[in-house]
Structure formats: C-alpha cells, structure tokens
>>> print(open('run_23.cif').read())   # mmCIF, C-alpha atoms
data_protein
loop_
_atom_site.label_atom_id
_atom_site.label_comp_id
_atom_site.auth_asym_id
_atom_site.auth_seq_id
_atom_site.Cartn_x
_atom_site.Cartn_y
_atom_site.Cartn_z
CA MET A 12 -180.71 -10.84 51.06
CA GLU A 13 -184.29 -10.63 49.84
CA ASP A 14 -186.10 -13.86 48.96
CA ILE A 15 -186.63 -12.71 45.37
CA PHE A 16 -182.85 -13.05 44.92
CA LYS A 17 -182.25 -16.00 47.25
CA ARG A 18 -184.45 -18.13 45.02
CA LEU A 19 -182.15 -17.54 42.04
CA PHE A 20 -179.01 -19.13 43.51
CA LYS A 21 -178.16 -22.73 42.68
CA SER A 22 -176.16 -23.22 45.90
CA ALA A 23 -175.37 -21.49 49.18
CA PRO A 24 -172.56 -18.90 49.18
CA SER A 25 -169.13 -19.98 50.42
CA LYS A 26 -169.53 -17.30 53.09
CA GLU A 27 -171.74 -14.39 54.07
CA ASP A 28 -169.96 -11.20 55.13
CA ASN A 29 -172.16 -8.46 56.65
CA GLY A 30 -175.07 -9.59 54.51
CA ILE A 31 -173.01 -9.87 51.32
CA TYR A 32 -173.20 -13.30 49.68
CA CYS A 33 -169.68 -14.35 48.58
CA PHE A 34 -169.07 -17.11 46.03
CA GLY A 35 -165.32 -16.77 45.29
CA ASP A 36 -163.25 -16.27 42.11
CA GLU A 37 -162.12 -12.81 43.27
CA ASN A 38 -159.06 -12.96 41.00
CA ASP A 39 -161.38 -12.64 38.00
CA GLY A 40 -162.09 -9.01 38.91
CA ASP A 41 -160.25 -5.75 39.43
CA CYS A 42 -157.83 -5.53 42.35
CA PHE A 43 -158.28 -2.63 44.78
CA ASP A 44 -156.24 -1.45 47.76
CA LYS A 45 -156.32 1.04 50.64
CA GLY A 46 -155.68 3.93 48.25
CA ASP A 47 -158.83 3.07 46.34
CA ILE A 48 -160.83 2.96 49.57
CA ALA A 49 -159.58 6.43 50.51
CA ASN A 50 -160.66 7.78 47.12
CA TRP A 51 -164.06 6.12 47.34
CA ARG A 52 -164.65 7.61 50.78
CA ASN A 53 -163.36 10.99 49.65
CA GLY A 54 -166.08 11.69 47.12
CA ILE A 55 -166.09 9.05 44.39
CA PHE A 56 -169.01 7.09 45.84
CA SER A 57 -171.05 10.19 46.61
CA ARG A 58 -170.56 11.50 43.06
CA SER A 59 -171.38 8.10 41.57
CA TRP A 60 -174.58 7.87 43.63
CA ARG A 61 -175.80 11.24 42.34
CA LYS A 62 -174.51 11.03 38.77
CA ARG A 63 -176.88 12.14 35.99
CA GLU A 64 -174.97 10.68 33.04
CA LEU A 65 -177.38 7.82 32.35
CA LEU A 66 -180.49 9.83 33.19
CA ASP A 67 -179.70 12.71 30.84
CA ASN A 68 -178.69 10.65 27.81
CA ASN A 69 -181.58 9.55 25.57
CA ALA A 70 -180.16 6.10 24.77
CA SER A 71 -179.39 5.12 28.36
CA ARG A 72 -182.59 6.70 29.65
CA HIS A 73 -184.49 4.38 27.33
CA LEU A 74 -182.76 1.41 28.97
CA LEU A 75 -183.59 2.69 32.46
CA ASP A 76 -187.24 3.26 31.60
CA GLU A 77 -187.51 -0.24 30.12
CA ILE A 78 -185.83 -1.86 33.14
CA ILE A 79 -188.23 -0.22 35.56
CA ALA A 80 -191.38 -0.70 33.47
CA TYR A 81 -191.01 -4.37 32.57
CA ASN A 82 -189.05 -6.09 35.35
CA GLU A 83 -189.48 -6.96 39.02
CA TYR A 84 -185.76 -6.56 39.69
CA ILE A 85 -182.34 -6.19 38.08
CA VAL A 86 -179.06 -8.02 38.66
CA ASP A 87 -176.26 -5.55 37.88
CA LEU A 88 -173.03 -7.28 36.81
CA ALA A 89 -169.50 -5.98 37.51
CA CYS A 90 -170.92 -2.87 39.17
CA GLY A 91 -167.52 -1.63 40.42
CA PRO A 92 -166.95 1.78 42.03
CA GLY A 93 -169.62 3.37 39.82
CA MET A 94 -172.25 0.80 40.86
CA GLY A 95 -173.43 0.36 37.27
CA PHE A 96 -177.05 1.23 36.55
CA ILE A 97 -178.18 1.14 40.18
CA PRO A 98 -177.73 4.81 41.21
CA SER A 99 -179.68 5.93 38.15
CA ILE A 100 -182.42 3.36 38.75
CA LYS A 101 -182.75 4.47 42.37
CA GLN A 102 -183.01 8.14 41.39
CA THR A 103 -185.95 7.20 39.17
CA ALA A 104 -187.62 4.41 41.16
CA PRO A 105 -186.37 4.33 44.79
CA GLU A 106 -188.21 1.11 45.67
CA PHE A 107 -187.04 -0.92 42.67
CA ARG A 108 -185.20 -4.10 43.74
CA CYS A 109 -181.54 -4.36 42.75
CA LEU A 110 -178.76 -6.89 43.25
CA ALA A 111 -175.34 -5.22 43.05
CA THR A 112 -172.64 -7.71 42.08
CA ASP A 113 -168.92 -7.67 41.41
CA ALA A 114 -166.02 -10.14 41.53
CA ASN A 115 -164.32 -7.91 44.10
CA SER A 116 -165.81 -8.10 47.60
CA LEU A 117 -163.98 -4.99 48.83
CA VAL A 118 -165.85 -2.61 46.52
CA LEU A 119 -169.17 -4.18 47.55
CA SER A 120 -168.48 -3.96 51.27
CA GLU A 121 -167.41 -0.31 50.88
CA TRP A 122 -170.53 0.49 48.88
CA LYS A 123 -172.70 -1.09 51.55
CA ARG A 124 -170.86 0.87 54.25
CA TYR A 125 -171.31 4.13 52.32
CA LEU A 126 -175.02 3.57 51.73
CA GLN A 127 -175.68 2.57 55.33
CA ASN A 128 -173.97 5.73 56.56
CA ASN A 129 -175.16 8.23 53.97
CA GLU A 130 -178.16 7.16 51.93
CA LYS A 131 -181.50 5.38 51.98
CA PHE A 132 -180.89 2.12 50.18
CA ASP A 133 -183.95 -0.08 50.64
CA ASN A 134 -184.11 -3.03 48.25
CA ILE A 135 -180.40 -3.07 47.36
CA ASN A 136 -178.76 -6.45 47.90
CA PHE A 137 -175.12 -7.46 47.40
CA ALA A 138 -173.39 -10.57 46.06
CA GLN A 139 -169.76 -11.25 45.14
CA PHE A 140 -169.03 -13.55 42.20
CA SER A 141 -167.27 -13.73 38.85
CA ALA A 142 -169.09 -13.03 35.59
CA PHE A 143 -167.33 -16.18 34.32
CA ASN A 144 -169.19 -18.34 36.84
CA LEU A 145 -172.62 -16.93 37.69
CA PRO A 146 -174.00 -18.67 40.80
CA PHE A 147 -177.57 -18.80 39.50
CA LYS A 148 -179.77 -21.67 38.39
CA ASN A 149 -180.36 -22.34 34.72
CA ASN A 150 -183.21 -20.26 33.23
CA ALA A 151 -183.75 -18.36 36.48
CA VAL A 152 -182.87 -14.67 36.13
CA GLN A 153 -185.37 -12.20 34.69
CA ALA A 154 -182.99 -9.36 33.79
CA TYR A 155 -179.34 -8.30 33.99
CA SER A 156 -177.73 -4.90 33.51
CA SER A 157 -174.12 -3.77 33.16
CA PHE A 158 -172.34 -0.51 32.47
CA ILE A 159 -169.02 -1.33 30.73
CA GLY A 160 -168.97 -4.57 32.73
CA LEU A 161 -168.14 -7.00 29.95
CA SER A 162 -165.98 -4.49 28.06
CA SER A 163 -163.56 -4.58 30.99
CA THR A 164 -163.72 -8.36 31.43
CA ARG A 165 -160.37 -10.09 31.65
CA ASN A 166 -159.12 -12.70 29.17
CA GLY A 167 -160.18 -10.83 26.04
CA ASN A 168 -162.66 -12.39 23.64
CA CYS A 169 -162.57 -15.71 25.49
CA GLY A 170 -163.57 -14.01 28.73
CA ILE A 171 -166.35 -12.01 27.06
CA ASN A 172 -167.78 -15.09 25.37
CA LEU A 173 -167.64 -17.07 28.62
CA ALA A 174 -169.52 -14.31 30.45
CA LEU A 175 -172.12 -14.10 27.68
CA SER A 176 -172.62 -17.88 27.77
CA GLU A 177 -173.24 -17.64 31.53
CA ILE A 178 -175.73 -14.81 31.04
CA TYR A 179 -177.51 -16.90 28.41
CA ARG A 180 -177.54 -20.01 30.61
CA THR A 181 -179.05 -18.24 33.60
CA LEU A 182 -181.62 -15.97 31.89
CA ILE A 183 -185.20 -17.13 31.57
CA ASP A 184 -186.49 -17.60 28.02
CA GLY A 185 -187.25 -14.09 26.84
CA GLY A 186 -185.08 -12.65 29.64
CA LEU A 187 -183.24 -9.41 28.94
CA TYR A 188 -179.75 -7.98 29.29
CA TYR A 189 -179.50 -4.17 29.39
CA ALA A 190 -175.98 -3.00 28.70
CA ILE A 191 -173.76 -0.14 27.68
CA GLU A 192 -170.55 -1.49 26.19
CA ASN A 193 -167.68 0.07 24.27
CA GLU A 194 -165.36 -0.76 21.39
CA TRP A 195 -162.48 1.01 19.67
CA ASN A 196 -163.67 3.02 16.69
CA ASP A 197 -160.77 2.45 14.26
CA ALA A 198 -158.57 -0.56 14.99
CA PRO A 199 -156.55 -0.33 11.71
CA ALA A 200 -155.62 3.30 12.47
CA ILE A 201 -154.62 2.30 15.99
CA LEU A 202 -152.37 -0.50 14.73
CA GLU A 203 -150.77 1.97 12.33
CA LEU A 204 -150.09 4.35 15.23
CA PHE A 205 -148.36 1.64 17.24
CA ASP A 206 -146.22 0.87 14.19
CA LYS A 207 -145.27 4.53 13.82
CA ILE A 208 -144.08 4.79 17.43
CA GLY A 209 -142.32 1.42 17.27
CA ARG A 210 -144.37 -0.20 20.02
CA LYS A 211 -146.07 -3.57 20.18
CA PRO A 212 -149.88 -3.15 20.11
CA TRP A 213 -151.82 -3.80 23.28
CA SER A 214 -153.13 -7.35 23.55
CA VAL A 215 -156.71 -6.25 22.83
CA PHE A 216 -155.66 -5.21 19.31
CA LEU A 217 -153.90 -8.51 18.64
CA GLU A 218 -157.21 -10.37 18.90
CA LYS A 219 -159.89 -10.52 16.23
CA GLN A 220 -161.97 -7.34 16.41
CA THR A 221 -165.61 -8.34 16.82
CA SER A 222 -168.50 -5.91 17.24
CA TRP A 223 -170.73 -6.23 20.28
CA HIS A 224 -173.71 -6.78 17.99
CA ASP A 225 -172.00 -9.82 16.48
CA ARG A 226 -170.84 -11.08 19.89
CA PHE A 227 -174.42 -11.03 21.14
CA ALA A 228 -175.75 -12.73 18.00
CA ASN A 229 -172.99 -15.36 18.03
CA ASN A 230 -173.92 -16.29 21.60
CA GLY A 231 -177.58 -16.89 20.81
CA PHE A 232 -179.09 -13.52 21.69
CA GLU A 233 -181.40 -11.25 19.72
CA VAL A 234 -180.48 -7.56 19.62
CA LEU A 235 -183.71 -5.73 20.39
CA TYR A 236 -182.34 -2.21 20.78
CA GLU A 237 -179.02 -0.67 19.73
CA GLU A 238 -178.31 3.06 19.96
CA ASN A 239 -175.20 5.22 20.16
CA PHE A 240 -174.51 6.42 23.71
CA GLU A 241 -171.38 8.53 23.16
CA HIS A 242 -167.89 8.68 21.66
CA ARG A 243 -164.88 9.40 23.84
CA SER A 244 -161.74 10.44 21.98
CA ILE A 245 -158.47 9.37 23.53
CA LYS A 246 -156.37 12.32 24.77
CA ALA A 247 -152.65 12.99 24.79
CA ASP A 248 -152.41 12.78 28.58
CA ASP A 249 -154.32 9.48 28.78
CA ASN A 250 -151.49 7.15 27.75
CA GLU A 251 -148.91 6.47 25.04
CA LEU A 252 -151.61 5.76 22.46
CA GLY A 253 -153.30 9.09 23.16
CA LYS A 254 -149.96 10.87 22.88
CA ALA A 255 -149.33 9.23 19.50
CA ALA A 256 -152.85 10.12 18.28
CA ALA A 257 -152.25 13.77 19.16
CA GLU A 258 -148.82 13.78 17.54
CA PHE A 259 -150.08 12.38 14.24
CA GLY A 260 -153.45 14.14 14.25
CA VAL A 261 -155.58 11.00 14.42
CA ASP A 262 -158.98 10.94 16.18
CA ILE A 263 -159.30 7.55 17.80
CA GLY A 264 -161.23 6.48 20.85
CA LEU A 265 -164.08 4.42 22.20
CA ASP A 266 -167.62 4.23 20.86
CA PHE A 267 -170.17 3.50 23.59
CA THR A 268 -173.44 1.84 22.60
CA ALA A 269 -176.62 1.11 24.57
CA TYR A 270 -178.16 -2.33 24.02
CA ILE A 271 -181.17 -4.35 25.01
CA ILE A 272 -180.63 -7.98 24.11
CA GLY A 273 -183.03 -10.87 24.62
CA LYS A 274 -182.59 -14.57 25.15
CA LYS A 275 -184.34 -16.48 22.43
CA ALA A 276 -186.60 -19.31 23.49
CA GLU A 277 -184.54 -21.77 21.45
CA ARG A 278 -180.80 -21.46 20.79
CA ASN A 279 -179.62 -22.36 17.32
#
>>> encode(input="run_23.cif", output="structure tokens")
Amino acid sequence: MEDIFKRLFKSAPSKEDNGIYCFGDENDGDCFDKGDIANWRNGIFSRSWRKRELLDNNASRHLLDEIIAYNEYIVDLACGPGMGFIPSIKQTAPEFRCLATDANSLVLSEWKRYLQNNEKFDNINFAQFSAFNLPFKNNAVQAYSSFIGLSSTRNGNCGINLALSEIYRTLIDGGLYYAIENEWNDAPAILELFDKIGRKPWSVFLEKQTSWHDRFANNGFEVLYEENFEHRSIKADDNELGKAAAEFGVDIGLDFTAYIIGKKAERN
C-alpha cells in the first residue's frame, strides 16, 4: 500500500492479505463463488481491463479527463468484476495512482492475481471495506469514483443515503465524487406492468423514487456536472419484467448518467 493511501485510514486494517487491506463488513457486498472465479479467469477480467466503453463515450470521457487533470489519486468504490473506472484511467494515464476497493475480498484478490500475472499495474492498491463504513479519516480523501457502485448498493434508499453520508464525511472540503449511476426511466409504467402480470413489484419500486440529482443535493453535495451516458432498454430475455415489457409493447429500462459532485465547504 502506497503512503499516499495509508495516510487516509483512520485505523489499521483488521488484516492484510497479500497486500490487500481488509476492514470487514463483507456481507454488505455481492457474494461470489468458484463459478464466478472461473468466469473471471476465462476472459471477463481481460475484457474489463481493455474495455473502451468509458473512453469512447463523451460524458464518461469528460469524467476521466477531469479525474486525471485535477487529482493526485482516485479511490474507486465498489469496483467489482469490472474494476470501475480504473481500467479506463490506466489506459489514459498508466502512472496515475488508484485505490481499488470493494466489500468483497475475493474479487479484489482475483483482480490482483490477474494483474500480477498478465498486466503492468504500477500504482494500483487494494482495500476491502463496505461503502456503508468507509475506513478513512474525516475530511481526508481528495476524490472518489464509482461506476454503478451506489446504484447496486444493498438496503435501498437507506443504504444509498448511508454511503453518500460516508462519502461526504471523508471527502476534503471541495473534494469530488465522479460517478456513473442509473435509475429506472418510467416507474409508473413499470408498476402498471407488474399489475398486468399479477406480480408484486420488486422492492426497489416499493420505495420512494428519488433522482440521483436530488439524492446528491439532499446529502449536502453540489452537482457540478450531469450528462446522459446511455439508456439501456430491458429485453424480453432479461427477466419477467422484460418479458412483460415486450408483451405489452412498453419501452422501459435504465437511464445512466455521468456526474461530478462536490463537497461544499459548509453543509446546510
């Protein structure tokens, strides 16, 4: 672990495994098994490392350029099997310092194994912790990034707001969070579809639907940049909701948006 990241932590990790700092709360993240490892080793990691999705999209490329131009490092939250923004950052600026983090230690250890065996990965560090309990000091972190990290957070709106409060607590005044998050494009139409097929709506649709813009603002942040990234329509072979959408001719899906949000010097 590089000193630039060691200085951010408020306490020592509960353990260190092959250079990965581990702080606990693994149940807050996705659960993976041997089948996932086989898939990662059979091409998923190599494709993720070379992906061009964020580099070729204008909105996400703006985020990448801003990260590299104005920060000494990035802490990528809930990086998962895709490793968040880090592969795209490294394709653009190989020496840029990154801390890859996730609640699941298995995905981090497999990423480190892959990179050691296949790629040059100078200045990539690894730490395991939950987004609900960031192990950093107050007002310490310069910049975070996340690709669909908070959108997939457990515990619905409560989990998202807890993670945002932790990001706010640990960012320096004026610190930045670079994110691509998603939200369903037409919740009323989705609820109507569930009613038509006689199924109880998924739990996400039983909560109050709040835009990401409002979530950020409600947690004390200023939205500095907001741009459409893409729309992904749900398909018939995705799940029961996609099948219903195809049957009734409804275009529903997820809107992905690129954000740069800043921590205000004083929280109202």
>>> closest_residue(input="run_23.cif", among="A:Arg108, A:His242, A:His224, A:Arg61", to="Met12 of chain A", atoms="only C-alpha atoms")
A:Arg108
>>> closest_residue(input="run_23.cif", among="A:Asp67, A:Glu251, A:Glu106, A:Asp44", to="Glu83 of chain A", atoms="all atoms listed in the file")
A:Glu106
>>> closest_residue(input="run_23.cif", among="A:Thr103, A:Thr268, A:Asn168, A:Asn82", to="Phe240 of chain A", atoms="only C-alpha atoms")
A:Thr268
>>> resolve_selection(input="run_23.cif", expression="the PyMOL selection byres ((chain A and resi 23-28) around 12)", output="list of chain:residue names")
A:Met12, A:Lys17, A:Arg18, A:Leu19, A:Phe20, A:Lys21, A:Ser22, A:Asn29, A:Gly30, A:Ile31, A:Tyr32, A:Cys33, A:Phe34, A:Gly35, A:Asp36, A:Ser116, A:Leu117, A:Leu119, A:Ser120, A:Glu121, A:Lys123, A:Phe137, A:Ala138, A:Gln139, A:Phe140, A:Leu145, A:Pro146, A:Phe147, A:Lys148
>>> closest_residue(input="run_23.cif", among="A:Tyr189, A:Phe132, A:Phe56, A:Phe259", to="Ser157 of chain A", atoms="all atoms listed in the file")
A:Tyr189
>>> atom_distance(input="run_23.cif", atom1="atom CA of Val261 of chain A", atom2="atom CA of Ala200 of chain A")
7.9 Å
>>> resolve_selection(input="run_23.cif", expression="the PyMOL selection byres ((chain A and resi 68-73) around 12)", output="number ranges by chain")
A: 62-67, 74-80, 95-96, 99-100, 102-103, 156-158, 189-192, 236-241, 267-271
>>> atom_distance(input="run_23.cif", atom1="atom CA of Tyr179 of chain A", atom2="atom CA of Thr164 of chain A")
16.5 Å
>>> residues_around(input="run_23.cif", residues="Ser141 of chain A", least_positions_apart="2", cutoff="6 Å", atoms="all atoms listed in the file", output="number ranges by chain")
A: 36, 114, 143-144
>>> atom_distance(input="run_23.cif", atom1="atom CA of Gly231 of chain A", atom2="atom CA of Glu218 of chain A")
21.5 Å
>>> closest_residue(input="run_23.cif", among="A:Lys275, A:Arg52, A:Lys254, A:Arg58", to="Ile201 of chain A", atoms="only C-alpha atoms")
A:Lys254
>>> resolve_selection(input="run_23.cif", expression="the PyMOL selection byres ((chain A and resi 178) around 9)", output="PyMOL selection string")
chain A and resi 142+145+152+155+173-177+179-182+188
